[in-house]
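Source file model-v2.txt; content: compact mmCIF, C-alpha atoms.
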```txt
# COMPACT_ATOMS: atom_id res chain seq x y z
CA LEU R 97 -229.75 -15.76 -130.57
CA LEU R 98 -229.32 -19.51 -130.79
CA ARG R 99 -232.94 -20.14 -129.76
CA GLU R 100 -234.15 -17.88 -132.57
CA ASP R 101 -231.63 -19.23 -135.10
CA ASP R 102 -233.18 -21.00 -138.10
CA GLY R 103 -230.07 -23.05 -138.87
CA THR R 104 -228.84 -20.83 -141.70
CA TYR R 105 -225.39 -20.33 -140.17
CA ASP R 106 -223.04 -22.62 -138.30
CA VAL R 107 -220.67 -19.74 -137.51
CA TYR R 108 -221.40 -16.23 -136.22
CA LYS R 109 -218.98 -13.36 -135.92
CA PHE R 110 -219.04 -10.55 -133.37
CA ARG R 111 -216.92 -7.49 -132.61
CA ARG R 112 -213.98 -8.16 -130.31
CA ARG R 113 -212.75 -5.07 -128.49
CA SER R 114 -209.22 -5.51 -127.24
CA VAL R 115 -208.41 -4.25 -123.72
CA PHE R 116 -204.70 -3.55 -123.21
CA LEU R 117 -203.50 -3.06 -119.63
CA GLY R 118 -207.05 -2.14 -118.60
CA HIS R 119 -207.48 0.36 -121.46
CA PRO R 120 -210.03 -0.42 -124.24
CA LEU R 121 -208.47 0.22 -127.64
CA ALA R 122 -210.90 2.07 -129.88
CA PHE R 123 -208.59 2.54 -132.88
CA GLY R 124 -205.66 0.85 -134.60
CA ALA R 125 -207.60 -2.14 -135.96
CA TRP R 126 -207.84 -3.74 -132.50
CA THR R 127 -211.65 -3.76 -132.54
CA HIS R 128 -212.81 -6.04 -135.32
CA TYR R 129 -215.15 -8.89 -136.19
CA ILE R 130 -214.05 -12.44 -135.42
CA PRO R 131 -215.94 -15.68 -136.19
CA HIS R 132 -215.82 -17.42 -132.82
CA LEU R 133 -219.46 -18.22 -132.03
CA LEU R 134 -220.03 -21.72 -133.38
CA ARG R 135 -222.72 -24.34 -133.51
CA ARG R 136 -221.38 -27.15 -131.33
CA GLY R 137 -220.44 -30.26 -133.28
CA ALA R 138 -220.89 -28.64 -136.69
CA VAL R 139 -217.54 -26.84 -137.13
CA ARG R 140 -213.87 -27.56 -136.47
CA TYR R 141 -210.98 -25.13 -136.05
CA ALA R 142 -208.01 -25.09 -138.43
CA GLY R 143 -204.53 -23.59 -138.14
CA ARG R 144 -201.83 -23.45 -135.48
CA VAL R 145 -201.71 -19.68 -134.93
CA HIS R 146 -204.89 -17.61 -134.59
CA GLU R 147 -207.07 -20.58 -135.46
CA ARG R 148 -210.22 -19.97 -137.50
CA PRO R 149 -213.36 -22.04 -138.04
CA ASP R 150 -213.05 -24.39 -141.00
CA ALA R 151 -216.43 -23.51 -142.51
CA PRO R 152 -217.69 -21.83 -145.69
CA GLU R 153 -218.69 -18.18 -145.60
CA PRO R 154 -220.81 -16.12 -145.27
CA PHE R 155 -221.04 -16.13 -141.49
CA GLY R 156 -223.87 -14.78 -139.40
CA VAL R 157 -223.30 -11.42 -137.69
CA VAL R 158 -223.98 -10.56 -134.05
CA ASP R 159 -224.20 -6.81 -133.45
CA ALA R 160 -222.41 -6.83 -130.10
CA ASP R 161 -219.01 -6.03 -128.57
CA ILE R 162 -217.09 -8.63 -126.56
CA ASP R 163 -214.19 -7.31 -124.48
CA HIS R 164 -210.97 -9.28 -124.94
CA TYR R 165 -208.62 -8.84 -121.97
CA PHE R 166 -205.60 -10.23 -123.77
CA CYS R 167 -202.94 -8.48 -121.69
CA GLU R 168 -203.22 -7.46 -118.04
CA ARG R 169 -199.43 -7.39 -117.58
CA PHE R 170 -196.90 -6.63 -120.30
CA ALA R 171 -194.79 -9.61 -119.26
CA GLU R 172 -197.72 -11.86 -120.19
CA LEU R 173 -197.78 -10.33 -123.66
CA LEU R 174 -194.07 -11.06 -124.14
CA VAL R 175 -194.69 -14.72 -123.26
CA LYS R 176 -197.43 -14.89 -125.91
CA VAL R 177 -195.24 -13.12 -128.48
CA ASN R 178 -192.44 -15.59 -127.83
CA ARG R 179 -194.75 -18.60 -128.23
CA TYR R 180 -196.68 -17.40 -131.29
CA SER R 181 -193.61 -16.09 -133.13
CA GLY R 182 -191.98 -19.50 -132.74
CA LEU R 183 -195.03 -21.26 -134.18
CA SER R 184 -195.27 -18.72 -136.99
CA ALA R 185 -191.57 -19.14 -137.82
CA HIS R 186 -192.00 -22.90 -138.24
CA MET R 187 -195.08 -22.35 -140.42
CA LEU R 188 -193.21 -19.81 -142.55
CA LEU R 189 -190.36 -22.25 -143.09
CA GLU R 190 -192.80 -24.99 -144.12
CA GLN R 191 -194.63 -22.68 -146.54
CA GLU R 192 -191.74 -20.64 -147.99
CA GLY R 193 -188.73 -22.88 -147.51
CA ARG R 194 -185.36 -21.19 -147.11
CA PRO R 195 -184.95 -17.44 -147.85
CA ARG R 196 -184.83 -16.79 -151.62
CA GLY R 197 -182.60 -13.81 -152.35
CA TRP R 198 -182.48 -10.25 -151.09
CA ARG R 199 -185.92 -9.27 -152.45
CA PHE R 200 -187.61 -11.92 -150.33
CA CYS R 201 -185.69 -10.89 -147.19
CA ALA R 202 -186.27 -7.19 -147.84
CA LYS R 203 -190.01 -7.76 -148.18
CA LYS R 204 -190.14 -9.64 -144.87
CA LEU R 205 -187.99 -7.07 -143.08
CA LEU R 206 -190.07 -4.15 -144.37
CA ARG R 207 -193.31 -5.80 -143.29
CA PRO R 208 -193.02 -4.48 -139.69
CA LEU R 209 -192.76 -0.89 -140.98
CA GLU R 210 -195.76 -1.44 -143.24
CA LEU R 211 -197.79 -2.80 -140.31
CA PHE R 212 -196.80 0.10 -138.07
CA TRP R 213 -197.99 2.59 -140.71
CA LYS R 214 -201.25 0.69 -141.17
CA VAL R 215 -202.05 0.31 -137.45
CA TYR R 216 -200.74 3.58 -136.04
CA VAL R 217 -201.37 6.02 -138.89
CA LYS R 218 -203.93 4.63 -141.36
CA LYS R 219 -206.11 3.00 -138.67
CA ARG R 220 -205.52 5.99 -136.34
CA GLY R 221 -203.93 4.05 -133.50
CA TYR R 222 -202.37 7.33 -132.37
CA ARG R 223 -205.79 8.33 -131.01
CA ASP R 224 -205.37 5.73 -128.26
CA GLY R 225 -202.41 7.70 -126.92
CA LEU R 226 -199.45 5.89 -125.43
CA PHE R 227 -201.42 2.61 -125.38
CA GLY R 228 -201.90 2.84 -129.15
CA LEU R 229 -198.21 3.55 -129.74
CA VAL R 230 -197.04 0.64 -127.59
CA MET R 231 -199.49 -1.74 -129.29
CA ALA R 232 -198.39 -0.63 -132.77
CA LEU R 233 -194.73 -1.07 -131.83
CA GLN R 234 -195.23 -4.52 -130.30
CA ASN R 235 -197.24 -5.64 -133.33
CA SER R 236 -194.41 -4.64 -135.66
CA TRP R 237 -191.82 -6.10 -133.32
CA THR R 238 -193.66 -9.44 -133.26
CA HIS R 239 -193.35 -9.76 -137.04
CA LEU R 240 -189.67 -8.84 -136.88
CA ILE R 241 -189.06 -11.49 -134.21
CA THR R 242 -190.95 -14.04 -136.32
CA PHE R 243 -188.67 -13.37 -139.28
CA GLY R 244 -185.60 -13.60 -137.03
CA LYS R 245 -186.68 -17.02 -135.76
CA TYR R 246 -187.54 -18.15 -139.29
CA TRP R 247 -184.10 -17.06 -140.52
CA GLU R 248 -182.45 -18.89 -137.63
CA LEU R 249 -184.36 -22.07 -138.44
CA ALA R 250 -183.49 -21.76 -142.13
CA LEU R 251 -179.77 -21.49 -141.34
CA ALA R 252 -179.85 -24.73 -139.34
CA SER R 253 -179.43 -28.07 -141.07
CA PRO R 254 -182.68 -30.01 -141.70
CA GLU R 255 -181.57 -32.65 -139.21
CA GLU R 256 -181.18 -30.13 -136.39
CA GLN R 257 -184.22 -27.83 -136.62
CA PRO R 258 -183.60 -26.57 -133.06
CA GLN R 259 -185.78 -24.39 -130.90
CA PRO R 260 -184.76 -20.93 -132.14
CA ASN R 261 -182.17 -19.41 -129.85
CA LEU R 262 -184.11 -16.15 -130.05
CA THR R 263 -186.76 -17.87 -127.93
CA GLU R 264 -184.28 -18.27 -125.06
CA GLN R 265 -183.07 -14.71 -125.50
CA LEU R 266 -186.63 -13.38 -125.29
CA GLU R 267 -187.27 -15.38 -122.14
CA ALA R 268 -184.20 -13.79 -120.56
CA LEU R 269 -185.26 -10.36 -121.86
CA ASN R 270 -188.69 -10.80 -120.29
CA ALA R 271 -187.19 -11.54 -116.89
CA SER R 272 -184.63 -8.72 -116.98
CA SER R 273 -187.08 -6.14 -118.36
CA SER R 274 -189.60 -6.98 -115.63
CA ARG R 275 -186.96 -6.27 -112.96
CA GLU R 276 -185.94 -3.01 -114.66
CA ALA R 277 -189.59 -1.94 -115.03
CA GLU R 278 -190.25 -2.49 -111.32
CA ALA R 279 -187.18 -0.44 -110.42
CA TRP R 280 -188.16 2.33 -112.86
CA ALA R 281 -191.74 2.42 -111.53
CA GLY R 282 -190.35 2.73 -108.00
CA ARG R 283 -188.33 5.78 -109.01
CA HIS R 284 -191.15 7.35 -111.05
CA PRO R 285 -194.47 6.25 -109.51
CA HIS R 286 -196.59 8.91 -111.27
CA ALA R 287 -195.17 8.77 -114.78
CA ALA R 288 -197.40 6.07 -116.30
CA ASP R 289 -198.86 8.32 -119.03
CA GLY R 290 -196.80 11.50 -118.87
CA PRO R 291 -193.94 12.91 -120.94
CA LEU R 292 -191.43 10.65 -119.19
CA ALA R 293 -193.37 7.54 -120.24
CA TRP R 294 -193.43 8.72 -123.86
CA ARG R 295 -189.68 9.32 -123.72
CA MET R 296 -189.09 5.80 -122.39
CA VAL R 297 -191.15 4.28 -125.21
CA LEU R 298 -189.47 6.31 -127.97
CA GLU R 299 -185.93 6.12 -126.61
CA PRO R 300 -185.17 2.59 -127.98
CA ALA R 301 -185.88 3.82 -131.54
CA GLY R 302 -183.24 6.51 -131.13
CA VAL R 303 -180.75 4.03 -129.69
CA LEU R 304 -181.38 1.58 -132.54
CA CYS R 305 -181.00 4.21 -135.25
CA GLY R 306 -177.86 5.63 -133.65
CA ALA R 307 -176.22 2.22 -133.26
CA TYR R 308 -177.13 1.17 -136.82
CA LEU R 309 -175.95 4.37 -138.49
CA ARG R 310 -172.74 4.73 -136.48
CA ARG R 311 -171.67 1.13 -137.05
```
Please re-express this file's structure in structure tokens.
Amino acid sequence: LLREDDGTYDVYKFRRRSVFLGHPLAFGAWTHYIPHLLRRGAVRYAGRVHERPDAPEPFGVVDADIDHYFCERFAELLVKVNRYSGLSAHMLLEQEGRPRGWRFCAKKLLRPLELFWKVYVKKRGYRDGLFGLVMALQNSWTHLITFGKYWELALASPEEQPQPNLTEQLEALNASSSREAEAWAGRHPHAADGPLAWRMVLEPAGVLCGAYLRR
């Protein structure tokens, strides 16, 4: 491609197909074009989260799929979520300042539900089975965690600006959930994609709704 290129484009985009726990995701907006093939020395990246080339469009298009093995173990994904949500929370505070009334907070809190509908229903993530459901849930959960960290930063005084305490809680959650997952897998070695696995994924939603409505 680069040998035949006439210099029209400094940036090319190709299809990135996400592979989650060894399973290629065909639906749910996880296969999409990204502009990450660059002419060396001609383009710089911009941004702190999901950086993009700082170059004018249009970009060239490569008709090819590149597999993106972004998560081989779920614990690795939680580490990424913790890191990126912290960066996003700081960016949100810089861009938006402190929360401005209930409408602003309601919009941010409803965003995870909107994303779940878009990824799982509108983009047919359900067709990827349990993998699609888990990805849709973690995508929504990531945005909820980002807002929680942003809110925590906004409540702190400008002089403090601490590392959000939610970051430490997620690190502890990652460690404890890994131990529980190993114990659960030992008790149910053949339940990775059966009814029991679906029940385990959906059970937290029932617990959350029950706790919220009862209290």
- Message: Around (-202.4, 6.2, -134.0), as given in the file, which residues come within 12 Å? Count all atoms listed in the file and list them as a ChimeraX atom specification.
- Response: /R:121-126,211-233
- Query: Nearest to R:Lys204 among R:Ser114, R:Thr242, R:Gln234, R:Thr127, with distances taken over only C-alpha atoms: which residue is it?
  - Reply: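 Of R:Ser114, R:Thr242, R:Gln234, R:Thr127, the one nearest R:Lys204, counting only C-alpha atoms, is R:Thr242.
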- Message: Applying 10 Å and only C-alpha atoms, which residues near stretch 105-111 of chain R remain after dropping the ones on its own chain fewer than 5 positions away? List them as an MDAnalysis selection string.
- Response: chainID R and resid 126:139 149:164
Could you write those residues out with C-alpha atoms, as a short mmCIF file (atom, residue, chain, number, x, y, z; two decimals), in the coordinates of the input?
```
data_model
loop_
_atom_site.label_atom_id
_atom_site.label_comp_id
_atom_site.auth_asym_id
_atom_site.auth_seq_id
_atom_site.Cartn_x
_atom_site.Cartn_y
_atom_site.Cartn_z
CA TRP R 126 -207.84 -3.74 -132.50
CA THR R 127 -211.65 -3.76 -132.54
CA HIS R 128 -212.81 -6.04 -135.32
CA TYR R 129 -215.15 -8.89 -136.19
CA ILE R 130 -214.05 -12.44 -135.42
CA PRO R 131 -215.94 -15.68 -136.19
CA HIS R 132 -215.82 -17.42 -132.82
CA LEU R 133 -219.46 -18.22 -132.03
CA LEU R 134 -220.03 -21.72 -133.38
CA ARG R 135 -222.72 -24.34 -133.51
CA ARG R 136 -221.38 -27.15 -131.33
CA GLY R 137 -220.44 -30.26 -133.28
CA ALA R 138 -220.89 -28.64 -136.69
CA VAL R 139 -217.54 -26.84 -137.13
CA PRO R 149 -213.36 -22.04 -138.04
CA ASP R 150 -213.05 -24.39 -141.00
CA ALA R 151 -216.43 -23.51 -142.51
CA PRO R 152 -217.69 -21.83 -145.69
CA GLU R 153 -218.69 -18.18 -145.60
CA PRO R 154 -220.81 -16.12 -145.27
CA PHE R 155 -221.04 -16.13 -141.49
CA GLY R 156 -223.87 -14.78 -139.40
CA VAL R 157 -223.30 -11.42 -137.69
CA VAL R 158 -223.98 -10.56 -134.05
CA ASP R 159 -224.20 -6.81 -133.45
CA ALA R 160 -222.41 -6.83 -130.10
CA ASP R 161 -219.01 -6.03 -128.57
CA ILE R 162 -217.09 -8.63 -126.56
CA ASP R 163 -214.19 -7.31 -124.48
CA HIS R 164 -210.97 -9.28 -124.94
#
```
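In this structure, atom CA of R:Arg179 sits 10.9 Å away from atom CA of R:Glu264.
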- Task: State, in Å with one decimal place, the distance from atom CA of R:Arg112 to atom CA of R:Leu206.
- Result: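 Separation between atom CA of R:Arg112 and atom CA of R:Leu206: 28.0 Å.
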- Message: When you count all atoms listed in the file, which of these residues is closest to R:Glu248: R:Leu205, R:Val145, R:Pro195, R:Glu190?
- Response: R:Pro195
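Relative to atom CA of R:Asn178, atom CA of R:Ala202 is found at 22.6 Å.
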- Of R:Met187, R:Leu174, R:Ala250, R:Cys167, the one nearest to R:Val115 when counting only C-alpha atoms is R:Cys167
